[in-house]
$ cat start.cif   # mmCIF, C-alpha atoms and all ligand atoms
data_my_file
#
loop_
_atom_site.label_atom_id
_atom_site.label_comp_id
_atom_site.auth_asym_id
_atom_site.auth_seq_id
_atom_site.Cartn_x
_atom_site.Cartn_y
_atom_site.Cartn_z
CA MET F 1 21.91 -14.74 -16.15
CA ASN F 2 21.29 -17.20 -13.34
CA ALA F 3 18.76 -14.90 -11.67
CA PRO F 4 15.66 -16.74 -10.54
CA ASP F 5 12.46 -15.93 -12.45
CA ARG F 6 10.65 -12.98 -10.93
CA PHE F 7 7.34 -14.84 -10.77
CA GLU F 8 8.88 -17.44 -8.44
CA LEU F 9 7.84 -15.03 -5.68
CA PHE F 10 4.17 -15.81 -6.02
CA VAL F 11 3.48 -18.58 -8.55
CA LEU F 12 3.00 -21.95 -6.94
CA PRO F 13 5.29 -24.54 -8.56
CA GLU F 14 3.37 -27.11 -10.56
CA GLY F 15 2.34 -30.22 -8.64
CA SER F 16 3.16 -28.80 -5.22
CA LYS F 17 0.66 -28.25 -2.44
CA LYS F 18 0.02 -24.77 -1.07
CA VAL F 19 -0.40 -26.04 2.52
CA THR F 20 1.28 -29.02 4.16
CA VAL F 21 0.96 -30.10 7.78
CA THR F 22 3.77 -31.95 9.57
CA LYS F 23 3.18 -33.33 13.03
CA ASP F 24 5.89 -32.76 15.60
CA THR F 25 6.91 -36.21 16.88
CA LYS F 26 8.71 -35.00 19.99
CA ILE F 27 6.13 -32.65 21.49
CA PRO F 28 2.46 -33.48 22.04
CA ASN F 29 -0.18 -31.34 20.30
CA ALA F 30 2.36 -29.60 18.07
CA SER F 31 2.55 -29.21 14.30
CA VAL F 32 4.39 -27.22 11.67
CA ILE F 33 2.23 -25.86 8.87
CA THR F 34 4.15 -24.93 5.75
CA ILE F 35 2.52 -22.49 3.34
CA LEU F 36 4.20 -22.05 -0.01
CA ARG F 37 4.48 -18.68 -1.74
CA GLU F 38 3.41 -16.54 1.18
CA ASP F 39 5.40 -14.04 3.23
CA HIS F 40 5.25 -11.90 6.38
CA THR F 41 1.93 -10.39 5.27
CA VAL F 42 0.07 -13.61 5.93
CA GLY F 43 2.57 -15.14 8.36
CA ASN F 44 2.40 -12.35 10.89
CA LEU F 45 -1.36 -12.01 10.44
CA ILE F 46 -2.02 -15.67 11.28
CA ARG F 47 0.54 -15.80 14.06
CA MET F 48 -0.95 -12.83 15.90
CA GLN F 49 -4.41 -14.35 15.59
CA LEU F 50 -3.15 -17.70 16.90
CA VAL F 51 -1.43 -16.09 19.87
CA ALA F 52 -4.74 -14.48 20.87
CA ASP F 53 -6.33 -17.94 21.12
CA GLN F 54 -6.68 -19.20 24.73
CA ASP F 55 -6.14 -22.82 23.64
CA VAL F 56 -2.82 -22.09 21.96
CA LYS F 57 0.29 -22.65 24.05
CA PHE F 58 2.80 -21.53 21.44
CA ALA F 59 2.57 -20.02 17.97
CA GLY F 60 5.32 -18.63 15.80
CA TYR F 61 6.19 -18.23 12.16
CA ARG F 62 9.37 -17.91 10.17
CA MET F 63 10.61 -17.56 6.66
CA PRO F 64 13.30 -20.23 6.56
CA HIS F 65 15.26 -18.56 3.75
CA PRO F 66 14.91 -15.12 2.11
CA LEU F 67 15.21 -16.60 -1.39
CA GLU F 68 12.61 -19.30 -0.78
CA HIS F 69 9.19 -17.75 -0.63
CA ASN F 70 7.62 -20.04 1.93
CA ILE F 71 6.64 -19.71 5.58
CA ASN F 72 6.49 -22.20 8.43
CA ILE F 73 3.91 -21.69 11.16
CA ARG F 74 4.61 -23.68 14.28
CA ILE F 75 1.71 -24.27 16.66
CA GLN F 76 1.45 -26.06 19.99
CA THR F 77 -1.91 -26.21 21.77
CA TYR F 78 -3.21 -27.35 25.12
CA PRO F 79 -4.69 -30.89 25.10
CA ASN F 80 -8.28 -29.60 24.70
CA SER F 81 -7.52 -28.46 21.14
CA THR F 82 -5.34 -29.38 18.19
CA PRO F 83 -3.01 -27.25 16.07
CA LEU F 84 -5.18 -27.80 13.00
CA LYS F 85 -8.31 -26.70 14.81
CA ALA F 86 -6.54 -23.59 16.13
CA MET F 87 -5.30 -22.79 12.64
CA GLU F 88 -8.76 -23.23 11.11
CA ASP F 89 -10.38 -21.07 13.79
CA SER F 90 -7.82 -18.32 13.36
CA ILE F 91 -8.21 -18.22 9.60
CA ASN F 92 -12.02 -18.18 9.85
CA LEU F 93 -11.84 -15.29 12.31
CA LEU F 94 -9.48 -13.37 10.04
CA ILE F 95 -11.74 -13.90 7.02
CA ASP F 96 -14.66 -12.61 9.10
CA GLU F 97 -12.65 -9.61 10.15
CA PHE F 98 -11.63 -8.65 6.63
CA GLU F 99 -15.21 -9.22 5.50
CA ARG F 100 -16.31 -6.64 8.06
CA ILE F 101 -13.59 -4.21 7.02
CA ASN F 102 -14.70 -4.66 3.41
CA THR F 103 -18.39 -3.89 4.05
CA GLN F 104 -17.53 -0.92 6.24
CA PHE F 105 -15.18 0.46 3.65
CA ASN F 106 -17.80 0.13 0.91
CA ASN F 107 -20.44 1.84 3.06
CA GLN F 108 -18.09 4.66 3.94
CA VAL F 109 -17.06 5.22 0.33
CA LEU F 110 -20.72 5.36 -0.72
CA ARG F 111 -21.47 7.82 2.07
CA LYS F 112 -18.54 10.05 1.11
CA LYS F 113 -19.54 9.98 -2.55
CA ASN F 114 -23.16 10.91 -1.73
CA MET F 115 -21.95 13.75 0.46
CA THR F 116 -19.84 15.28 -2.30
CA ASP F 117 -22.77 14.88 -4.72
CA THR F 118 -25.01 16.98 -2.52
CA TYR F 119 -22.32 19.64 -2.23
CA ILE F 120 -22.05 19.95 -6.00
CA MET M 1 -12.91 -16.86 20.61
CA THR M 2 -14.96 -14.28 18.73
CA ALA M 3 -13.88 -12.12 15.84
CA ARG M 4 -12.86 -8.57 16.57
CA SER M 5 -15.21 -5.99 15.19
CA PRO M 6 -12.93 -3.51 13.46
CA GLU M 7 -14.22 -0.05 12.68
CA LEU M 8 -13.31 1.99 9.68
CA GLU M 9 -13.93 5.66 9.16
CA ILE M 10 -12.95 7.52 6.00
CA LEU M 11 -11.77 11.02 6.78
CA GLU M 12 -11.22 12.28 3.29
CA ILE M 13 -11.16 11.13 -0.32
CA LYS M 14 -9.42 13.36 -2.85
CA ASN M 15 -8.45 12.72 -6.46
CA ASP M 16 -5.17 11.16 -5.51
CA THR M 17 -5.29 10.52 -1.76
CA ILE M 18 -7.48 8.83 0.80
CA THR M 19 -7.17 9.00 4.58
CA PHE M 20 -9.06 6.71 6.91
CA ILE M 21 -8.95 5.46 10.49
CA LEU M 22 -8.97 1.76 11.21
CA SER M 23 -9.62 0.96 14.86
CA ASN M 24 -10.49 -1.92 17.16
CA THR M 25 -8.10 -4.31 15.47
CA ASP M 26 -4.60 -5.71 15.72
CA ILE M 27 -1.50 -4.08 14.28
CA SER M 28 -0.89 -7.19 12.15
CA VAL M 29 -4.14 -6.48 10.29
CA ALA M 30 -3.13 -2.87 9.63
CA ASN M 31 0.30 -3.98 8.50
CA ALA M 32 -1.05 -6.70 6.21
CA LEU M 33 -3.28 -4.11 4.57
CA ARG M 34 -0.37 -1.74 4.07
CA ARG M 35 1.93 -4.43 2.70
CA VAL M 36 -0.67 -5.70 0.24
CA MET M 37 -1.47 -2.19 -1.02
CA ILE M 38 2.19 -1.74 -1.84
CA ALA M 39 3.22 -5.15 -3.09
CA GLU M 40 0.23 -7.06 -4.38
CA VAL M 41 -2.34 -4.76 -5.98
CA PRO M 42 -1.87 -5.21 -9.75
CA THR M 43 -1.44 -2.40 -12.27
CA MET M 44 -0.32 -2.09 -15.91
CA CYS M 45 3.23 -1.04 -16.78
CA ILE M 46 5.51 -1.13 -19.79
CA ASP M 47 7.52 -4.33 -19.47
CA LEU M 48 8.94 -5.05 -22.93
CA VAL M 49 10.44 -2.56 -25.38
CA GLU M 50 11.55 -3.26 -28.95
CA PHE M 51 13.78 -0.57 -30.40
CA GLU M 52 13.72 0.11 -34.12
CA ALA M 53 15.83 3.25 -34.05
CA ASN M 54 17.69 5.03 -31.30
CA ASN M 55 20.57 7.39 -31.88
CA SER M 56 19.77 9.56 -28.88
CA VAL M 57 22.26 10.16 -26.07
CA LEU M 58 20.66 7.50 -23.88
CA CYS M 59 21.20 3.80 -24.50
CA ASP M 60 18.28 1.43 -25.16
CA GLU M 61 18.23 -0.05 -21.66
CA PHE M 62 18.15 3.37 -20.05
CA ILE M 63 15.13 4.41 -22.12
CA ALA M 64 13.38 1.07 -21.57
CA HIS M 65 13.77 1.50 -17.81
CA ARG M 66 12.36 5.03 -17.97
CA LEU M 67 9.38 3.83 -20.00
CA GLY M 68 8.68 1.16 -17.39
CA LEU M 69 8.46 3.76 -14.63
CA ILE M 70 5.75 5.83 -16.38
CA PRO M 71 2.47 5.23 -14.53
CA LEU M 72 -0.36 4.06 -16.80
CA ILE M 73 -4.09 4.36 -16.11
CA SER M 74 -4.91 0.87 -14.83
CA GLU M 75 -8.58 1.11 -13.95
CA GLU M 76 -9.33 -1.71 -16.41
CA VAL M 77 -6.53 -3.90 -15.02
CA ASN M 78 -8.99 -6.55 -13.85
CA ARG M 79 -9.98 -7.20 -17.47
CA PHE M 80 -6.44 -8.28 -18.27
CA ASN M 81 -4.78 -11.62 -17.61
CA TYR M 82 -1.25 -12.06 -16.39
CA THR M 83 0.70 -13.09 -19.49
CA ARG M 84 1.84 -16.29 -17.77
CA ASP M 85 -1.80 -17.30 -17.10
CA CYS M 86 -3.13 -16.27 -20.51
CA SER M 87 -4.17 -18.88 -23.05
CA CYS M 88 -2.17 -17.22 -25.82
CA SER M 89 1.24 -18.52 -26.83
CA GLU M 90 3.23 -15.32 -26.43
CA ARG M 91 1.01 -12.31 -25.85
CA CYS M 92 -2.38 -11.02 -26.95
CA ASP M 93 -4.83 -8.16 -26.40
CA ASN M 94 -6.13 -9.89 -23.27
CA CYS M 95 -2.78 -9.75 -21.52
CA SER M 96 -0.92 -6.78 -22.99
CA VAL M 97 -1.26 -3.30 -24.47
CA GLU M 98 0.97 -2.08 -27.26
CA PHE M 99 2.41 1.44 -27.37
CA ARG M 100 4.25 3.06 -30.26
CA LEU M 101 6.62 5.97 -30.13
CA HIS M 102 8.26 7.64 -33.10
CA VAL M 103 9.93 11.01 -32.74
CA LYS M 104 12.54 12.56 -35.01
CA CYS M 105 14.04 15.94 -34.33
CA THR M 106 14.32 18.08 -37.44
CA ASP M 107 14.53 21.46 -35.70
CA ASP M 108 17.60 23.29 -34.55
CA LYS M 109 15.98 23.39 -31.14
CA ALA M 110 16.20 20.30 -28.94
CA ARG M 111 13.02 18.20 -28.90
CA ASP M 112 11.73 16.79 -25.62
CA VAL M 113 10.40 13.26 -25.96
CA THR M 114 7.76 12.86 -23.24
CA SER M 115 5.10 10.43 -22.10
CA SER M 116 2.63 12.25 -24.38
CA ASP M 117 4.50 10.89 -27.41
CA LEU M 118 3.51 7.34 -26.42
CA ILE M 119 0.59 6.30 -28.63
CA SER M 120 -1.51 3.57 -27.03
CA GLN M 121 -3.40 0.97 -28.99
CA ASN M 122 -5.97 0.82 -26.15
CA ASP M 123 -7.71 4.05 -25.08
CA MET M 124 -8.27 2.70 -21.58
CA VAL M 125 -4.56 2.27 -20.86
CA ILE M 126 -2.69 5.53 -21.42
CA PRO M 127 -0.02 7.37 -19.41
CA VAL M 128 -1.51 9.09 -16.35
CA SER M 129 0.02 12.40 -17.45
CA SER M 130 -1.73 12.22 -20.84
CA ALA M 131 -5.08 11.58 -19.19
CA GLN M 132 -4.54 14.56 -16.90
CA SER M 133 -3.82 16.93 -19.78
CA LEU M 134 -6.91 15.56 -21.57
CA ASN M 135 -9.03 16.41 -18.53
CA HIS M 136 -7.64 19.92 -18.30
CA ASN M 137 -7.99 20.55 -22.02
CA ASN M 138 -10.85 23.04 -21.74
CA ASN M 139 -9.14 25.74 -19.71
CA THR M 140 -5.45 25.17 -20.33
CA PRO M 141 -4.92 23.60 -23.76
CA ASP M 142 -1.28 22.66 -23.37
CA ARG M 143 0.34 21.72 -20.10
CA PRO M 144 3.72 20.37 -21.10
CA GLU M 145 4.95 20.58 -17.52
CA GLN M 146 2.60 17.67 -16.69
CA GLU M 147 4.32 15.36 -19.12
CA ILE M 148 7.06 12.99 -18.02
CA PRO M 149 10.29 13.59 -19.91
CA ILE M 150 11.94 10.52 -21.42
CA VAL M 151 14.87 11.89 -23.45
CA LYS M 152 15.94 15.00 -25.34
CA LEU M 153 16.75 14.79 -29.06
CA ARG M 154 18.90 17.20 -31.02
CA LYS M 155 18.70 17.77 -34.76
CA GLY M 156 18.95 14.53 -36.69
CA GLN M 157 18.40 12.22 -33.75
CA GLU M 158 15.53 9.76 -33.87
CA LEU M 159 13.73 7.45 -31.47
CA LYS M 160 11.39 4.75 -32.73
CA LEU M 161 10.14 1.91 -30.60
CA LYS M 162 7.34 -0.46 -29.74
CA ALA M 163 6.53 -0.91 -26.03
CA ILE M 164 4.40 -3.64 -24.49
CA ALA M 165 2.59 -2.96 -21.21
CA LYS M 166 1.68 -5.94 -19.04
CA LYS M 167 -0.17 -6.61 -15.84
CA GLY M 168 2.00 -7.13 -12.78
CA VAL M 169 2.41 -6.54 -9.05
CA GLY M 170 4.87 -4.55 -6.96
CA LYS M 171 6.41 -7.74 -5.60
CA GLU M 172 7.80 -8.45 -9.04
CA HIS M 173 9.08 -4.93 -9.76
CA ALA M 174 8.51 -1.62 -7.99
CA LYS M 175 7.18 -0.02 -11.18
CA TRP M 176 3.88 -1.88 -10.68
CA ILE M 177 3.25 -0.36 -7.24
CA PRO M 178 -0.04 1.62 -7.44
CA ALA M 179 0.61 3.72 -4.31
CA CYS M 180 3.36 6.28 -3.93
CA VAL M 181 2.43 6.62 -0.26
CA ALA M 182 0.82 3.87 1.80
CA THR M 183 1.41 4.40 5.50
CA TYR M 184 -0.34 4.26 8.82
CA GLN M 185 0.37 6.20 11.97
CA PHE M 186 -0.91 5.90 15.48
CA GLN M 187 -3.37 8.48 16.66
CA PRO M 188 -1.49 10.96 18.85
CA HIS M 189 -2.95 11.78 22.24
CA ILE M 190 -1.64 15.18 23.37
CA VAL M 191 -2.53 16.75 26.71
CA ILE M 192 -1.26 20.15 27.86
CA ASN M 193 -0.98 20.66 31.59
CA GLN M 194 -2.89 23.94 32.05
CA ASN M 195 -1.43 24.65 35.51
CA ARG M 196 2.14 24.42 34.23
CA LEU M 197 1.22 26.50 31.21
CA ASP M 198 -0.13 29.29 33.41
CA GLU M 199 3.26 29.48 35.11
CA LEU M 200 4.94 30.48 31.84
CA SER M 201 5.40 34.05 30.65
CA ASP M 202 3.78 35.11 27.38
CA LYS M 203 7.15 35.09 25.65
CA GLN M 204 7.85 31.55 26.88
CA LYS M 205 4.45 30.35 25.66
CA GLU M 206 5.08 31.84 22.26
CA ASP M 207 8.53 30.23 22.05
CA TRP M 208 7.17 26.92 23.23
CA VAL M 209 4.45 26.88 20.55
CA ALA M 210 7.06 27.81 17.94
CA SER M 211 9.31 24.93 19.06
CA CYS M 212 7.05 22.40 17.32
CA PRO M 213 8.24 22.01 13.71
CA ALA M 214 4.94 20.41 12.70
CA LYS M 215 2.90 23.34 14.06
CA VAL M 216 0.66 21.23 16.27
CA TYR M 217 -0.06 24.10 18.69
CA SER M 218 -1.26 27.63 18.14
CA TYR M 219 -0.73 30.67 20.31
CA VAL M 220 -3.18 33.54 20.45
CA PRO M 221 -2.17 36.29 22.89
CA HIS M 222 -4.72 38.18 25.01
CA GLN M 223 -7.15 35.30 25.25
CA ARG M 224 -8.11 33.00 28.06
CA ASN M 225 -6.86 29.81 26.43
CA GLN M 226 -3.79 31.25 24.87
CA VAL M 227 -2.30 27.94 23.75
CA THR M 228 -4.48 25.42 21.93
CA ILE M 229 -3.82 22.16 20.12
CA GLU M 230 -4.61 23.04 16.55
CA ASP M 231 -4.23 19.64 14.88
CA PRO M 232 -2.90 16.65 16.84
CA LEU M 233 -2.65 14.60 13.62
CA ARG M 234 0.26 16.78 12.50
CA CYS M 235 2.35 15.47 15.43
CA MET M 236 5.30 13.38 14.31
CA TYR M 237 6.52 12.49 17.80
CA CYS M 238 9.72 14.51 17.42
CA MET M 239 9.30 15.56 21.08
CA GLU M 240 10.81 18.98 20.38
CA CYS M 241 8.07 20.53 22.54
CA LYS M 242 9.06 18.20 25.39
CA LYS M 243 12.70 19.25 25.09
CA LYS M 244 11.64 22.90 25.13
CA ALA M 245 9.50 22.29 28.22
CA ASP M 246 12.52 20.68 29.91
CA THR M 247 14.55 23.83 29.37
CA TYR M 248 11.88 25.73 31.32
CA GLY M 249 12.23 23.15 34.10
CA LYS M 250 8.68 21.94 33.46
CA PRO M 251 8.94 18.39 32.06
CA ASP M 252 5.25 17.74 32.81
CA LEU M 253 4.01 20.64 30.68
CA VAL M 254 2.80 18.30 27.97
CA THR M 255 2.23 14.55 27.59
CA ILE M 256 2.27 12.90 24.18
CA GLU M 257 1.14 9.30 23.82
CA GLN M 258 0.36 7.03 20.92
CA LYS M 259 -3.04 5.33 20.82
CA THR M 260 -1.80 2.02 19.50
CA ASP M 261 -5.23 0.67 18.58
CA ARG M 262 -6.20 3.42 16.15
CA PHE M 263 -4.41 3.41 12.81
CA ILE M 264 -4.60 6.47 10.61
CA PHE M 265 -3.92 5.38 7.04
CA THR M 266 -2.76 7.69 4.29
CA VAL M 267 -2.74 6.31 0.76
CA GLU M 268 -1.64 8.35 -2.22
CA THR M 269 -1.93 6.93 -5.71
CA THR M 270 0.47 7.31 -8.62
CA GLY M 271 -2.63 7.89 -10.73
CA ALA M 272 -2.76 4.30 -11.95
CA LEU M 273 -5.78 3.46 -9.76
CA LYS M 274 -8.24 5.50 -7.75
CA PRO M 275 -7.01 5.73 -4.12
CA GLU M 276 -10.16 4.09 -2.74
CA ASP M 277 -9.76 1.26 -5.25
CA ILE M 278 -6.23 0.53 -4.03
CA VAL M 279 -7.57 -0.02 -0.50
CA LEU M 280 -10.58 -2.01 -1.70
CA TYR M 281 -8.51 -4.30 -3.95
CA ALA M 282 -6.03 -4.83 -1.10
CA ILE M 283 -8.80 -5.95 1.26
CA GLN M 284 -10.13 -8.32 -1.37
CA ILE M 285 -6.68 -9.72 -2.11
CA ILE M 286 -6.06 -10.53 1.58
CA LYS M 287 -9.49 -12.18 1.78
CA ARG M 288 -8.69 -14.27 -1.28
CA LYS M 289 -5.33 -15.30 0.19
CA LEU M 290 -6.96 -16.40 3.44
CA THR M 291 -9.82 -18.32 1.80
CA ASP M 292 -7.27 -19.98 -0.45
CA ILE M 293 -5.29 -21.18 2.58
CA GLN M 294 -8.56 -22.21 4.27
CA THR M 295 -9.63 -24.49 1.41
CA GLN M 296 -6.13 -25.93 1.00
CA LEU M 297 -5.98 -26.63 4.73
CA GLN M 298 -9.32 -28.41 4.59
CA THR M 299 -8.23 -30.69 1.72
CA GLN M 300 -5.07 -31.45 3.70
CA ILE M 301 -7.12 -32.42 6.73
CA GLN M 302 -9.42 -34.64 4.69
CA GLU M 303 -6.45 -36.40 3.12
CA GLY M 304 -5.13 -37.01 6.63
ZN ZN F 401 -2.54 -13.33 -23.82
#
$ encode --input "start.cif" --output "C-alpha cells"
Amino acid sequence: MNAPDRFELFVLPEGSKKVTVTKDTKIPNASVITILREDHTVGNLIRMQLVADQDVKFAGYRMPHPLEHNINIRIQTYPNSTPLKAMEDSINLLIDEFERINTQFNNQVLRKKNMTDTYI
Amino acid sequence: MTARSPELEILEIKNDTITFILSNTDISVANALRRVMIAEVPTMCIDLVEFEANNSVLCDEFIAHRLGLIPLISEEVNRFNYTRDCSCSERCDNCSVEFRLHVKCTDDKARDVTSSDLISQNDMVIPVSSAQSLNHNNNTPDRPEQEIPIVKLRKGQELKLKAIAKKGVGKEHAKWIPACVATYQFQPHIVINQNRLDELSDKQKEDWVASCPAKVYSYVPHQRNQVTIEDPLRCMYCMECKKKADTYGKPDLVTIEQKTDRFIFTVETTGALKPEDIVLYAIQIIKRKLTDIQTQLQTQIQEG
C-alpha cells in the first residue's frame, strides 16, 4: 500500500537535475558529483575509468541508500587537473569505447550472417 | 589518457543464444554490459489483467502473475512508448497491446488453458510459444508441448479475461528481462605438464581424465599424446583435476589460470528478442546513458 512506485527506479523526478557537482570545501581539488537515477552499472564504470587516470588522486562511488536510486562519485585530482575535467575525460573515453564495441559488434554480426548465407 | 581499443569476436549465433569474446577492456565494461542486458533492455509483457469470469481452481492474482511471466515476441518494442511517457490519458495502441482469452470447458476431460489461447490484437506481439508453433506448422501441425500452461479447467469451469501488455524493463519487474542467461566467464588457460604426465601409468591417466566433471580432457590410449585438452572453455574451475593430481603426489601436473582480460559472454534469450539484438540494444543503452550524463555535466559546468 505504501510501496514506492516501481518507476521511481529510473524516472527522474520532475524539476530535478540529473547531475549536480558539489565542491569539497575541506580538501583542495576535490568534488562530489551526484547522479540521480543511476546505479552500480554506471557508477562502477565511471569509477574504474577515473582510477585509470594519472591525474586522479582518488576516485570512488557509492549508493548512499538502497532505496534511493542515486550515486555519489567522489573525485580528488592532483593540482594539474580538476575533478570536473577528469570526469569529462573519463566519460568521453567511455563513450568512445562503447562506440568501438558497437561498430565491432555490428561488423561481426554482418560477417556471421553472410557466412551462414553462403552455407545455405 | 587514450581510450582502450576493445576487441569483440562473435563465436556463434544460434536462434536463441549468442556467444562472443570481449577482450582488451576493463571488467567494469563487461559487467556494465551484462547488467544492462538483464535489467535495462525493454520488452513487452502482460502487466494488467481484467477478469470477467474465473471459476477455475486458481485465484485471479495467481493467473495474472502467470500471464505476466509468458514471454511475448518483442521485436517491435521500439515502436512502443512507455505508458508513462505516452501522450494518451490512460493507454492506447502506441503504448499497449490487448489480449483476450475466453475458454470454457464443456468436456468431461480436463481442458488445459495455455498461452496459445491468448488472442492478440496485434500480430507482431504474440506469445513466443505461439510463434514457434506457427513456424513449425509445416512438418508438425500441433505441438502442444511447446505451449505454456496457465490453468486446467474441469467441466463447467470458465476463464474469460482481457490482458494488457506494456513495455517495460527488468529493473521494474523480472518478467521484462529479455535474457534467461546473460553471463561472462574468464578464458581458462590450462597447461598440462607433459613430463609429470609421462610418469603416470595408463590407468592413472585414464582416471585423471575422468576426474574432470566438465570433460575438459580426453584420453586416447596407444597414442603418443594420450591426454589432450579437448575444450578448455568447458572448464568451470572446480579444480577436481588438481585434487586428483595431488593424490598422485604430482601437484604440478596441471596449471589452470584465468585470463582476466578476456571475457567470454553467453547470452540466451527468452525468445522475446533476438540474442544479437539484446547485446546491441544494451550497448546502445549504455552509450545513451553516458552521453546523457555528458550533456548534463556540461550544462552544470556552464551554469557554474
Ligand atoms: Zn498511449
$ interface_residues --input "start.cif" --of "chain F" --to "chain M" --cutoff "10 Å" --atoms "all atoms listed in the file" --output "ChimeraX atom specification"
/F:5-11,17-21,33,35-36,38,40-49,52-55,84-85,87-109,111-113,116
$ residues_near_ligand --input "start.cif" --ligand "ligand ZN 401 (chain F)" --cutoff "9 Å" --atoms "all atoms listed in the file" --output "ChimeraX atom specification"
/M:80-96
$ atom_distance --input "start.cif" --atom1 "atom CA of Arg262 of chain M" --atom2 "atom CA of Val227 of chain M"
26.0 Å
$ closest_residue --input "start.cif" --among "M:Asp252, M:Asp107, M:Glu230, M:Asp277" --to "Asn195 of chain M" --atoms "all atoms listed in the file"
M:Asp252
$ atom_distance --input "start.cif" --atom1 "atom CA of Leu159 of chain M" --atom2 "atom CA of Leu118 of chain M"
11.4 Å
$ closest_residue --input "start.cif" --among "F:Asp39, F:Pro79, F:His69, F:Leu50" --to "Pro4 of chain F" --atoms "all atoms listed in the file"
F:His69
$ closest_residue --input "start.cif" --among "F:Leu67, F:Val51, F:Ala86, F:Ile75" --to "Pro28 of chain F" --atoms "all atoms listed in the file"
F:Ile75
$ residues_around --input "start.cif" --residues "Asn193 of chain M" --least-positions-apart "2" --cutoff "6 Å" --atoms "all atoms listed in the file" --output "list in words"
Asn195, Arg196, Leu253 and Val254 of chain M
$ residues_around --input "start.cif" --residues "Cys180 of chain M" --least-positions-apart "3" --cutoff "12 Å" --atoms "all atoms listed in the file" --output "ChimeraX atom specification"
/M:16-17,34,37-39,71,170,174-177,183,266-273,275,278
$ residues_near_point --input "start.cif" --point "(8.3, -23.7, 3.8)" --cutoff "7 Å" --atoms "only C-alpha atoms" --output "ChimeraX atom specification"
/F:34-36,64,70-72
$ decode --input "start.cif" --residues "segment 96-101 of chain F" --atoms "all heavy atoms" --output "short mmCIF file (atom, residue, chain, number, x, y, z; two decimals), in the first residue's frame"
data_model
loop_
_atom_site.label_atom_id
_atom_site.label_comp_id
_atom_site.auth_asym_id
_atom_site.auth_seq_id
_atom_site.Cartn_x
_atom_site.Cartn_y
_atom_site.Cartn_z
N ASP F 96 33.65 6.69 -26.30
CA ASP F 96 34.49 6.19 -27.41
C ASP F 96 34.56 4.67 -27.39
O ASP F 96 34.42 4.01 -28.41
CB ASP F 96 35.93 6.72 -27.26
CG ASP F 96 36.10 8.06 -27.94
OD1 ASP F 96 35.08 8.61 -28.38
OD2 ASP F 96 37.25 8.54 -28.01
N GLU F 97 34.81 4.16 -26.20
CA GLU F 97 35.00 2.72 -26.07
C GLU F 97 33.74 1.96 -26.49
O GLU F 97 33.81 0.99 -27.24
CB GLU F 97 35.38 2.38 -24.63
CG GLU F 97 35.68 0.92 -24.45
CD GLU F 97 36.50 0.63 -23.21
OE1 GLU F 97 36.97 1.58 -22.56
OE2 GLU F 97 36.68 -0.55 -22.91
N PHE F 98 32.59 2.42 -26.00
CA PHE F 98 31.35 1.71 -26.36
C PHE F 98 31.01 1.92 -27.83
O PHE F 98 30.40 1.04 -28.45
CB PHE F 98 30.20 2.13 -25.44
CG PHE F 98 30.21 1.36 -24.15
CD1 PHE F 98 30.74 1.91 -23.00
CD2 PHE F 98 29.72 0.07 -24.11
CE1 PHE F 98 30.77 1.18 -21.82
CE2 PHE F 98 29.74 -0.67 -22.94
CZ PHE F 98 30.28 -0.11 -21.80
N GLU F 99 31.43 3.06 -28.38
CA GLU F 99 31.26 3.28 -29.82
C GLU F 99 32.03 2.21 -30.60
O GLU F 99 31.52 1.61 -31.55
CB GLU F 99 31.78 4.68 -30.16
CG GLU F 99 31.38 5.21 -31.52
CD GLU F 99 29.88 5.42 -31.62
OE1 GLU F 99 29.32 6.20 -30.82
OE2 GLU F 99 29.28 4.79 -32.50
N ARG F 100 33.25 1.95 -30.16
CA ARG F 100 34.08 0.94 -30.83
C ARG F 100 33.46 -0.45 -30.68
O ARG F 100 33.44 -1.23 -31.64
CB ARG F 100 35.49 0.92 -30.24
CG ARG F 100 36.29 2.13 -30.66
CD ARG F 100 37.64 2.14 -29.98
NE ARG F 100 38.22 3.48 -30.10
CZ ARG F 100 39.49 3.75 -29.91
NH1 ARG F 100 40.32 2.78 -29.57
NH2 ARG F 100 39.95 4.97 -30.02
N ILE F 101 32.99 -0.75 -29.47
CA ILE F 101 32.36 -2.06 -29.26
C ILE F 101 31.15 -2.20 -30.19
O ILE F 101 30.94 -3.23 -30.82
CB ILE F 101 31.95 -2.25 -27.78
CG1 ILE F 101 33.19 -2.31 -26.90
CG2 ILE F 101 31.12 -3.50 -27.60
CD1 ILE F 101 32.91 -2.42 -25.42
#
